[in-house]
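Below: the structure, in structure tokens.
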Amino acid sequence: ENAFIQVKAMGKRKKDGGRKLLEFSTKMTKEEQYKLAKRCLNEVIKIGNTYYSQKAQKQKLEIELKLIDDGHNNDIVYINDLIKAFDDYISITKKEEEMFWAELHKARIFAFKLHQFETAEKLLKDLELKSVYKKEYQIESKLSLGDISLFSGDPWTAILLFSQIEKGYDNTPKADLAKYKTALVSFYLGDFEWSQAQLDAIKGSTSKLIANDAIRLSSFIQNNYGLDSIETPLEWFAQAKLFEYQENHKKCMLYLDSLEQFYSGHTLIDDVYFLRSELYKKEKNFEEEVKFLTKVVDEYPYDLLADKAIYRLAQIQELHYKDLDKAYKLYEKIILDYSDSLFVIQSRKKYRKLKLNLSKDDRI
């Protein structure tokens with residue numbers, strides 16, 4: 001609050017058009033302080049500088065996309081207001097790439113949040129036609145069409161669309177992304193050998209993110225496929241993951257129940273616990289989420305998901321329960337016990353911030 005007031009006053013003195021507030025908002029977004037970030041952006045829009053105002057409007061839309069993807073603000077009135085906000089942004093921007101970005105995300109909202117698949121597909125196909133001379137736009141439209149086909153229950157069309165991108169734009173990062181998506185759909189369908197073949201082809205992708213995703217999924221299949229000549233557990237888990245993607249939590253839970261009931265000693269059980277926690281996170285059932293994250297940490301402290309579970313537990317304690325002592329200790333646990341974790345850098349930042357706050361309160 002104090003920092004916001006200071007930044008606002010500094011910007012006003014320098015008559016910077018909202019630049020400082022915009023920079024502060026970016027910082028707050030990285031720290032997941034979305035409410036304060038949006039407050040800054042609203043101030044920038046009020047100032048009325050065309051350049052910074054448009055940037056602020058886009059940043060607000062990006063925050064809202066992040067929030068709805070994480071399961072926040074999914075009521076119908078809010079979603080319709082968000083679509084209107086995208087329309088408003090489209091009406092003021094003069095840049096073709098910004099208009100495309102907004103139209104693309106609007107189409108995805110129609111599909112993934114309102115389940116209006118025909119509306120979404122029409123928007124994306126119109127974008128493809130408009131983008132006849134822009135290959136990058138055509139690829140993005142087709143990738144989204146593939147995602148929507150999978151979400152709406154048509155994996156074969158999804159594979160076809162992803163394959164068209166692979167063949168049409170071979171040896172590019174987008175082709176690698178399409179190949180990864182094909183491998184993922186094959187995994188969902190239980191065709192693990194074909195999925196592995198696709199993943200092997202992109203482990204050396206020029207995109208580090210795609211290569212890492214490919215390596216992770218490939219390792220996951222290798223570690224769990226055909227153990228004791230039984231393929232059923234991995235097939236059931238893959239089916240559960242597909243239902244998670246399609247937001248059919250009830251069917252996803254049924255498969256997870258069966259895995260726990262019939263294969264309680266299988267190496268997948270920590271993944272089962274973690275997937276349950278993810279479903280409860282989307283449902284905002286923090287009590288159950290904490291229960292299954294804790295099971296991951298307590299029963300599988302040396303497996304791959306332990307540090308991720310601890311980090312999420314720390315976030316819940318800090319942001320939901322406001323128990324800064326518990327959050328502080330959990331971030332510290334990652335730093336001390338999981339020094340190779342991908343969450344170490346962010347945990348250190350959180351740890352230092354909480355240490356400062358707690359020391360002010362004489363609690364440490």
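In the structure tokens, each chain is lettered A, B, ... as it comes, each chain's residues begin at 1, and ligands are numbered from 1 in order of appearance.
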
Practice prompt. Please identify all polymer residues within 7 Å of range 38-52 of chain A, counting only C-alpha atoms, omitting same-chain residues fewer than 4 positions from it, and present them as a list of chain:residue names.
Written response: A:Gly17, A:Gly18, A:Arg19, A:Leu21, A:Leu22, A:Ser25, A:Tyr34, A:Ala56, A:Lys60

Discussion item. Just want the 10 Å neighbourhood of range 173-178 of chain A, counted on only C-alpha atoms, with same-chain residues fewer than 5 positions away dropped. Output as a PyMOL selection string.
Written reply: chain A and resi 136+139-140+142-143+146+158-159+161-168+183-184+198-199+201-211+213-214

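Near Tyr89 in chain A, within a cut-off of 10 Å and counting only C-alpha atoms, sit the residues Gln54, Gln57, Lys58, Leu61, Ile83, Glu98, Met99, Ala102 and Glu103 of chain A, with same-chain residues fewer than 6 positions away left out.
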
Given the selection you just returned, output its residues as a file containing N, CA and C atoms, formatted as an mmCIF file, in the first residue's frame.
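Written out: selection.cif:
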data_model
loop_
_atom_site.group_PDB
_atom_site.id
_atom_site.type_symbol
_atom_site.label_atom_id
_atom_site.label_comp_id
_atom_site.auth_asym_id
_atom_site.auth_seq_id
_atom_site.Cartn_x
_atom_site.Cartn_y
_atom_site.Cartn_z
ATOM 1 N N GLN A 54 -2.862 1.919 -23.210
ATOM 2 C CA GLN A 54 -3.071 0.679 -23.963
ATOM 3 C C GLN A 54 -2.238 -0.466 -23.391
ATOM 4 N N GLN A 57 -4.061 -1.667 -20.333
ATOM 5 C CA GLN A 57 -5.230 -2.474 -20.662
ATOM 6 C C GLN A 57 -4.834 -3.904 -21.033
ATOM 7 N N LYS A 58 -3.743 -4.023 -21.783
ATOM 8 C CA LYS A 58 -3.296 -5.368 -22.148
ATOM 9 C C LYS A 58 -2.806 -6.129 -20.915
ATOM 10 N N LEU A 61 -5.675 -7.491 -19.014
ATOM 11 C CA LEU A 61 -6.225 -8.675 -19.677
ATOM 12 C C LEU A 61 -5.354 -9.899 -19.407
ATOM 13 N N ILE A 83 -14.876 -10.824 -21.956
ATOM 14 C CA ILE A 83 -14.981 -10.825 -23.423
ATOM 15 C C ILE A 83 -15.196 -9.394 -23.934
ATOM 16 N N GLU A 98 -1.501 -7.127 -32.059
ATOM 17 C CA GLU A 98 -2.282 -6.986 -30.826
ATOM 18 C C GLU A 98 -3.731 -7.397 -31.057
ATOM 19 N N MET A 99 -4.273 -7.038 -32.205
ATOM 20 C CA MET A 99 -5.643 -7.451 -32.552
ATOM 21 C C MET A 99 -5.726 -8.970 -32.648
ATOM 22 N N ALA A 102 -5.627 -10.562 -29.131
ATOM 23 C CA ALA A 102 -6.896 -10.404 -28.418
ATOM 24 C C ALA A 102 -7.979 -11.324 -28.991
ATOM 25 N N GLU A 103 -8.070 -11.393 -30.321
ATOM 26 C CA GLU A 103 -9.074 -12.266 -30.962
ATOM 27 C C GLU A 103 -8.815 -13.735 -30.606
#

Practice prompt. Apply DSSP to the structure's backbone, then extract all residues of range 54-167 of chain A labelled helix (DSSP H, G or I) and return them as a ChimeraX atom specification.
Written response: /A:54-69,76-92,96-112,117-130,135-151,155-167

Worksheet item: For Ala238 in chain A, which residue out of A:Ser186, A:Asn357, A:Asn223, A:Thr294 is the nearest one, using only C-alpha atoms?
Response: A:Ser186

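For Asn73 in chain A, the residues within 12 Å (counting only C-alpha atoms, excluding itself and residues fewer than 4 positions away along the chain) are Ile63, Glu64, Leu65, Lys66, Leu67, Ile68, Asp69, Val77, Tyr78, Ile79, Asn80, Asp81, Leu82, Lys113, Lys282, Glu283 and Lys284 of chain A.
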
Item to complete: Could you tell me how far CA of Leu123 in chain A lies from CA of Ile109 in chain A, in Å and to one decimal?
Response: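 Calculated distance between CA of Leu123 in chain A and CA of Ile109 in chain A is 11.2 Å.
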
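Closest approach to Tyr263 in chain A among A:Glu299, A:Glu231, A:Asp337, A:Glu318: A:Glu231, based on only C-alpha atoms.
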
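In this comparison, which uses only C-alpha atoms, the residue of A:Lys130, A:Arg13, A:Lys122, A:Lys94 approaching Arg108 in chain A most closely is A:Lys122.
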
Item to complete: May I ask for the distance between CA of Lys135 in chain A and CA of Pro155 in chain A, given in Å to one decimal place?
Response: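 Pair CA of Lys135 in chain A / CA of Pro155 in chain A returns 24.0 Å.
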